[in-house]
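Everything below belongs to coords08.cif, which stores mmCIF, C-alpha atoms.
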```
data_my_file
#
loop_
_atom_site.label_atom_id
_atom_site.label_comp_id
_atom_site.auth_asym_id
_atom_site.auth_seq_id
_atom_site.Cartn_x
_atom_site.Cartn_y
_atom_site.Cartn_z
CA MET X 1 113.56 49.90 44.98
CA MET X 2 112.82 48.38 48.41
CA LEU X 3 109.27 49.71 48.19
CA LEU X 4 108.87 48.07 44.76
CA ILE X 5 110.16 44.73 46.10
CA PHE X 6 107.65 44.71 48.97
CA ALA X 7 104.86 45.84 46.62
CA VAL X 8 105.58 42.93 44.25
CA LEU X 9 105.77 40.57 47.25
CA VAL X 10 102.33 41.66 48.47
CA LEU X 11 101.03 41.32 44.91
CA ALA X 12 102.35 37.73 44.77
CA PHE X 13 100.59 36.88 48.04
CA ALA X 14 97.36 38.50 46.82
CA LEU X 15 97.47 36.53 43.58
CA SER X 16 98.11 33.29 45.46
CA TRP X 17 95.17 34.06 47.76
CA TRP X 18 92.93 34.29 44.67
CA ARG X 19 94.49 31.06 43.36
CA ARG X 20 96.09 32.72 40.34
CA ASP X 21 99.04 30.35 40.50
CA LEU X 22 100.96 31.32 37.38
CA PRO X 23 100.77 35.12 37.87
CA ALA X 24 101.63 34.58 41.54
CA ARG X 25 104.73 32.58 40.61
CA LEU X 26 105.74 35.21 38.05
CA ALA X 27 105.34 37.93 40.70
CA ILE X 28 107.41 36.04 43.28
CA ALA X 29 110.07 35.37 40.62
CA ALA X 30 110.17 39.12 39.89
CA CYS X 31 110.45 39.75 43.64
CA LEU X 32 113.39 37.33 43.86
CA LEU X 33 115.20 38.92 40.90
CA LEU X 34 114.64 42.46 42.22
CA SER X 35 115.92 41.35 45.65
CA ILE X 36 119.07 39.85 44.14
CA GLY X 37 119.61 43.04 42.11
CA LEU X 38 119.22 45.29 45.17
CA PHE X 39 121.44 42.98 47.24
CA LEU X 40 124.26 43.22 44.68
CA TRP X 41 123.81 47.00 44.49
CA GLU X 42 123.90 47.31 48.30
CA ILE X 43 127.09 45.30 48.78
CA TYR X 44 129.01 46.83 45.86
CA SER X 45 131.57 49.41 46.88
CA PRO X 46 133.19 51.76 44.34
CA GLU X 47 136.38 51.40 46.39
CA TYR X 48 136.52 47.63 46.95
CA GLY X 49 134.06 46.20 44.43
CA PHE X 50 132.62 43.04 45.98
CA ALA X 51 135.85 42.30 47.90
CA MET X 52 136.05 42.45 51.70
CA PRO X 53 139.62 43.58 52.43
CA TRP X 54 138.90 44.07 56.15
CA LEU X 55 138.72 40.29 56.50
CA GLN X 56 142.30 39.83 55.32
CA GLY X 57 144.83 39.77 58.14
CA MET C 1 103.92 -7.99 65.18
CA SER C 2 102.26 -6.04 62.38
CA ILE C 3 104.25 -4.70 59.45
CA VAL C 4 103.59 -1.09 58.36
CA ARG C 5 103.03 -1.01 54.61
CA ILE C 6 104.10 2.27 53.03
CA ASP C 7 101.49 2.02 50.27
CA ALA C 8 98.59 1.25 52.61
CA PRO C 9 95.92 4.02 52.46
CA GLU C 10 96.15 4.75 56.19
CA THR C 11 99.95 5.07 55.98
CA GLN C 12 99.65 7.38 52.94
CA ARG C 13 97.15 9.51 54.84
CA LEU C 14 99.43 9.69 57.88
CA LEU C 15 102.40 10.72 55.71
CA ALA C 16 100.32 13.42 53.98
CA TRP C 17 99.09 14.72 57.35
CA GLY C 18 102.71 14.79 58.59
CA ASN C 19 103.78 16.72 55.50
CA TYR C 20 101.14 19.45 55.87
CA ALA C 21 101.55 19.69 59.64
CA TYR C 22 105.31 20.07 59.16
CA LEU C 23 104.83 22.86 56.59
CA LEU C 24 102.29 24.60 58.82
CA ALA C 25 104.74 24.52 61.76
CA MET C 26 107.50 26.01 59.55
CA MET C 27 105.24 28.86 58.38
CA ALA C 28 104.09 29.55 61.97
CA VAL C 29 107.70 29.74 63.22
CA ILE C 30 108.69 32.16 60.42
CA ALA C 31 105.58 34.27 61.15
CA ALA C 32 106.64 34.42 64.82
CA ILE C 33 110.18 35.50 63.84
CA LEU C 34 108.82 38.24 61.53
CA THR C 35 106.49 39.39 64.32
CA ALA C 36 109.44 39.59 66.73
CA ALA C 37 111.38 41.66 64.18
CA MET C 38 108.48 44.10 63.91
CA VAL C 39 108.13 44.34 67.70
CA MET C 40 111.85 45.22 67.85
CA GLN C 41 111.24 47.90 65.22
CA TYR C 42 108.10 49.53 66.59
CA ALA C 43 108.52 48.99 70.36
CA PHE C 44 112.29 49.47 70.67
CA GLY C 45 112.93 51.81 67.73
CA GLU C 46 115.38 49.47 65.99
CA LEU C 47 114.89 50.38 62.34
CA PRO C 48 115.88 47.67 59.84
CA CYS C 49 118.79 48.27 57.47
CA PRO C 50 118.41 47.51 53.71
CA LEU C 51 119.99 44.06 54.07
CA CYS C 52 117.78 43.40 57.12
CA LEU C 53 114.72 44.23 54.99
CA LEU C 54 115.96 41.87 52.26
CA GLN C 55 116.20 39.14 54.89
CA ARG C 56 112.55 39.81 55.78
CA VAL C 57 111.69 39.53 52.06
CA ALA C 58 113.49 36.16 51.97
CA MET C 59 111.50 34.91 54.97
CA PHE C 60 108.25 36.08 53.36
CA GLY C 61 109.33 34.24 50.19
CA VAL C 62 109.74 30.99 52.15
CA CYS C 63 106.24 31.55 53.58
CA PHE C 64 104.93 32.16 50.05
CA GLY C 65 106.24 28.77 48.87
CA ILE C 66 104.61 27.07 51.86
CA PHE C 67 101.35 29.04 51.56
CA MET C 68 101.05 27.96 47.92
CA GLN C 69 101.04 24.33 49.11
CA PHE C 70 97.91 25.10 51.11
CA ARG C 71 96.19 27.18 48.40
CA GLY C 72 97.08 25.46 45.15
CA GLY C 73 97.91 21.92 46.31
CA PHE C 74 101.26 20.24 46.75
CA SER C 75 103.95 20.86 44.14
CA TYR C 76 107.71 20.47 44.19
CA GLY C 77 107.78 23.82 42.38
CA ASN C 78 106.45 25.46 45.55
CA THR C 79 109.05 23.62 47.65
CA GLY C 80 111.69 24.90 45.21
CA ILE C 81 110.48 28.50 45.60
CA ALA C 82 110.66 28.21 49.39
CA MET C 83 114.16 26.69 49.24
CA LEU C 84 115.37 29.42 46.83
CA PHE C 85 114.29 32.12 49.29
CA ALA C 86 115.87 30.20 52.19
CA LEU C 87 119.11 30.23 50.19
CA LEU C 88 118.70 33.98 49.54
CA LEU C 89 118.26 34.49 53.30
CA LEU C 90 121.45 32.56 53.98
CA VAL C 91 123.50 34.47 51.37
CA VAL C 92 122.28 37.95 52.41
CA ALA C 93 122.72 37.19 56.13
CA GLU C 94 126.23 35.77 55.61
CA ARG C 95 127.32 38.81 53.62
CA GLN C 96 125.91 41.18 56.25
CA THR C 97 127.64 39.25 59.02
CA LEU C 98 130.94 39.45 57.12
CA LEU C 99 130.38 43.21 56.59
CA ASP C 100 129.94 43.85 60.31
CA ILE C 101 132.10 41.13 61.85
CA TYR C 102 135.11 43.46 62.04
CA PRO C 103 133.90 46.71 63.67
CA ARG C 104 135.16 49.83 61.90
CA PRO C 105 133.78 53.35 61.31
CA GLY C 106 130.35 53.10 59.72
CA HIS C 107 130.11 49.36 60.17
CA ALA C 108 128.96 47.55 63.28
CA TYR C 109 126.13 45.16 64.09
CA ILE C 110 122.83 47.05 64.11
CA GLY C 111 120.36 46.57 66.96
CA SER C 112 120.63 44.69 70.19
CA ALA C 113 121.90 41.15 70.63
CA VAL C 114 119.48 38.34 71.47
CA PHE C 115 121.14 35.58 73.52
CA GLY C 116 124.47 37.09 72.50
CA LEU C 117 123.83 36.96 68.75
CA HIS C 118 122.92 39.90 66.53
CA MET C 119 120.17 39.79 63.91
CA PRO C 120 122.27 38.84 60.83
CA VAL C 121 123.89 35.99 62.74
CA TRP C 122 120.44 34.79 63.79
CA SER C 123 119.38 35.02 60.15
CA ILE C 124 122.23 32.68 59.18
CA VAL C 125 120.99 30.22 61.80
CA ILE C 126 117.39 30.60 60.57
CA GLY C 127 118.33 30.16 56.88
CA PHE C 128 120.47 27.13 57.70
CA VAL C 129 117.74 25.54 59.83
CA LEU C 130 115.13 26.20 57.10
CA LEU C 131 117.26 24.45 54.47
CA ILE C 132 117.92 21.56 56.86
CA ALA C 133 114.17 21.39 57.61
CA PHE C 134 113.30 21.15 53.90
CA THR C 135 115.92 18.51 53.20
CA MET C 136 114.83 16.51 56.27
CA LYS C 137 111.22 16.68 55.06
CA LEU C 138 112.25 15.47 51.62
CA ALA C 139 114.36 12.71 53.14
CA ILE C 140 111.77 11.47 55.65
CA LEU C 141 108.41 12.29 54.02
CA GLY C 142 109.92 12.45 50.54
CA GLY C 143 107.75 10.19 48.36
CA ASP C 144 105.03 12.21 46.70
CA ARG C 145 102.45 9.46 46.11
CA HIS C 146 100.73 10.25 49.39
CA LEU C 147 100.58 13.96 48.50
CA GLU C 148 98.90 13.27 45.17
CA ALA C 149 96.50 10.77 46.74
CA VAL C 150 95.63 12.83 49.83
CA PRO C 151 95.23 16.60 49.20
CA VAL C 152 95.28 19.09 52.06
CA ARG C 153 91.47 19.49 51.93
CA SER C 154 91.30 15.94 53.31
CA PHE C 155 92.34 17.50 56.64
CA PRO C 156 89.86 20.39 57.13
CA ARG C 157 91.33 21.60 60.44
CA LEU C 158 94.87 21.58 59.07
CA ALA C 159 93.74 23.36 55.88
CA MET C 160 91.92 25.97 57.99
CA ALA C 161 94.99 26.48 60.20
CA GLY C 162 97.14 26.89 57.07
CA THR C 163 94.75 29.53 55.74
CA ILE C 164 94.71 31.42 59.05
CA VAL C 165 98.51 31.44 59.43
CA GLY C 166 98.81 32.36 55.73
CA LEU C 167 96.41 35.29 56.21
CA TYR C 168 98.48 36.44 59.20
CA VAL C 169 101.65 36.32 57.05
CA ILE C 170 99.89 38.33 54.31
CA ALA C 171 98.86 40.90 56.94
CA LEU C 172 102.50 41.09 58.10
CA ALA C 173 103.60 41.62 54.48
CA VAL C 174 101.10 44.46 54.03
CA ILE C 175 102.24 46.11 57.30
CA ASN C 176 105.86 45.77 56.14
CA LEU C 177 104.99 47.37 52.79
CA ALA C 178 103.45 50.36 54.61
CA SER C 179 106.41 50.48 57.00
CA VAL C 180 108.94 50.44 54.13
CA ALA C 181 106.97 53.23 52.41
CA VAL C 182 107.27 55.37 55.56
CA GLN C 183 110.90 54.44 56.27
CA CYS C 184 112.35 54.58 52.76
CA GLY C 185 109.83 56.40 50.58
CA VAL C 186 110.82 55.65 47.00
CA GLY C 187 114.54 56.11 47.71
CA GLU C 188 117.24 54.46 49.83
CA CYS C 189 116.48 53.11 53.29
CA HIS C 190 118.24 54.56 56.35
CA THR C 191 118.31 53.24 59.90
CA MET C 192 118.42 56.67 61.55
CA GLY C 193 114.83 57.69 60.88
CA TYR C 194 111.70 57.47 58.76
CA ALA C 195 111.97 59.37 55.46
CA LEU C 196 108.27 60.28 55.32
CA LEU C 197 108.39 61.54 58.92
CA GLY C 198 110.95 64.16 58.06
CA TYR C 199 114.30 62.34 58.37
CA THR C 200 116.84 63.37 55.76
CA ALA C 201 120.15 61.52 55.39
CA PRO C 202 123.26 63.66 55.90
CA ALA C 203 125.14 64.44 52.70
CA SER C 204 128.14 62.12 52.34
#
```
Would you write out, as structure tokens, the structure that this file holds?
Amino acid sequence: MMLLIFAVLVLAFALSWWRRDLPARLAIAACLLLSIGLFLWEIYSPEYGFAMPWLQG
Amino acid sequence: MSIVRIDAPETQRLLAWGNYAYLLAMMAVIAAILTAAMVMQYAFGELPCPLCLLQRVAMFGVCFGIFMQFRGGFSYGNTGIAMLFALLLLVVAERQTLLDIYPRPGHAYIGSAVFGLHMPVWSIVIGFVLLIAFTMKLAILGGDRHLEAVPVRSFPRLAMAGTIVGLYVIALAVINLASVAVQCGVGECHTMGYALLGYTAPAS
């Protein structure tokens, strides 16, 4: 997943370099959505969900 | 005493120059931060965690929004893209800081502290400063008449500098792509070693 995110990021930069504005924006939007998806997957715990019980005194 | 007229051509040109110089400085600072992160990785063996890599993606995203201003001309859409990624940086860094703020088995700040602060805490500072920088730019250089009237190509040296820094950021993104391929392969990323160099994560 992380590899895909960086690949789409590089694709977005390449498209912007060749002044393909709309495809570049679509690629960076895909990169953003994939990043949010991976972020939520990374912080989800089967035990706690999205909660952070270690912060509660 | 002369009165500065905001709609005078020379004032519009000065405001446009200020806008592009400001954006160029922001992109250069982020490029320097990403370079420092890679030096920490390759020279000191501090491999980035998955959330650390997402913070790099967020910084690259901010650079993308700025780079588009130099390639495709000014647009508030590009400013919006950069601000969205600055927000992503802030959210990811805050969550990682909250994950590691209370040391317990399997959770502690990764890497060495710089001036007493660890990487995710620095990322919070960076994300916050980036958002402040964008809002300050909008507040001080906000009107867009000068940006429509004076495109970046009116300042050849500034446009060239933007292209050079942008190319450097693209090179950093390509190196990071290769690095992620070696560290993570097509699976999960681990901070203990590079997957393609033989590291296998212990079974949990």
Applied to the shown file, which residues does the PyMOL selection byres ((chain C and resi 102-114) around 12) return, written as a PyMOL selection string? (chain X and resi 52-57) or (chain C and resi 36-37+40-41+44-52+93+96-101+115-123+190-192+204)
For chain C, list the residues within 10 Å of chain X, counting all atoms listed in the file, and write the list as an MDAnalysis selection string. chainID C and resid 50:51 53:58 60:61 63:65 67:68 70:72 77:78 81 84:85 88 91:92 95:96 98:104 163 166:167 169:189
With 10 Å as the threshold, what does the neighbourhood of (105.4, 19.0, 57.6) contain in terms of residues, counting only C-alpha atoms? Coordinates are those of the file; answer as an mmCIF file with C-alpha atoms, in the frame of the given file.
```
data_model
loop_
_atom_site.group_PDB
_atom_site.id
_atom_site.type_symbol
_atom_site.label_atom_id
_atom_site.label_comp_id
_atom_site.auth_asym_id
_atom_site.auth_seq_id
_atom_site.Cartn_x
_atom_site.Cartn_y
_atom_site.Cartn_z
ATOM 1 C CA LEU C 15 102.400 10.720 55.710
ATOM 2 C CA ALA C 16 100.320 13.420 53.980
ATOM 3 C CA TRP C 17 99.090 14.720 57.350
ATOM 4 C CA GLY C 18 102.710 14.790 58.590
ATOM 5 C CA ASN C 19 103.780 16.720 55.500
ATOM 6 C CA TYR C 20 101.140 19.450 55.870
ATOM 7 C CA ALA C 21 101.550 19.690 59.640
ATOM 8 C CA TYR C 22 105.310 20.070 59.160
ATOM 9 C CA LEU C 23 104.830 22.860 56.590
ATOM 10 C CA LEU C 24 102.290 24.600 58.820
ATOM 11 C CA ALA C 25 104.740 24.520 61.760
ATOM 12 C CA MET C 26 107.500 26.010 59.550
ATOM 13 C CA MET C 27 105.240 28.860 58.380
ATOM 14 C CA ILE C 66 104.610 27.070 51.860
ATOM 15 C CA ALA C 133 114.170 21.390 57.610
ATOM 16 C CA PHE C 134 113.300 21.150 53.900
ATOM 17 C CA MET C 136 114.830 16.510 56.270
ATOM 18 C CA LYS C 137 111.220 16.680 55.060
ATOM 19 C CA LEU C 138 112.250 15.470 51.620
ATOM 20 C CA LEU C 141 108.410 12.290 54.020
#
```
One number please: CA of Thr135 (chain C) to CA of Thr79 (chain C), in Å, one decimal.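 Here the two named atoms are 10.2 Å from each other.
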Which residue is closest to Thr35 (chain C)? Choose from C:Tyr168, C:Phe128, C:Tyr76, C:Tyr194 and count only C-alpha atoms. C:Tyr168
If you measure from CA of Leu90 (chain C) to CA of Val165 (chain C), what distance in Å do you get, rounded to one decimal?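 For CA of Leu90 (chain C) relative to CA of Val165 (chain C), the distance reads 23.6 Å.
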Between CA of Leu34 (chain X) and CA of Ile164 (chain C), what is the spacing in Å?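 Distance between the two atoms: 28.3 Å.
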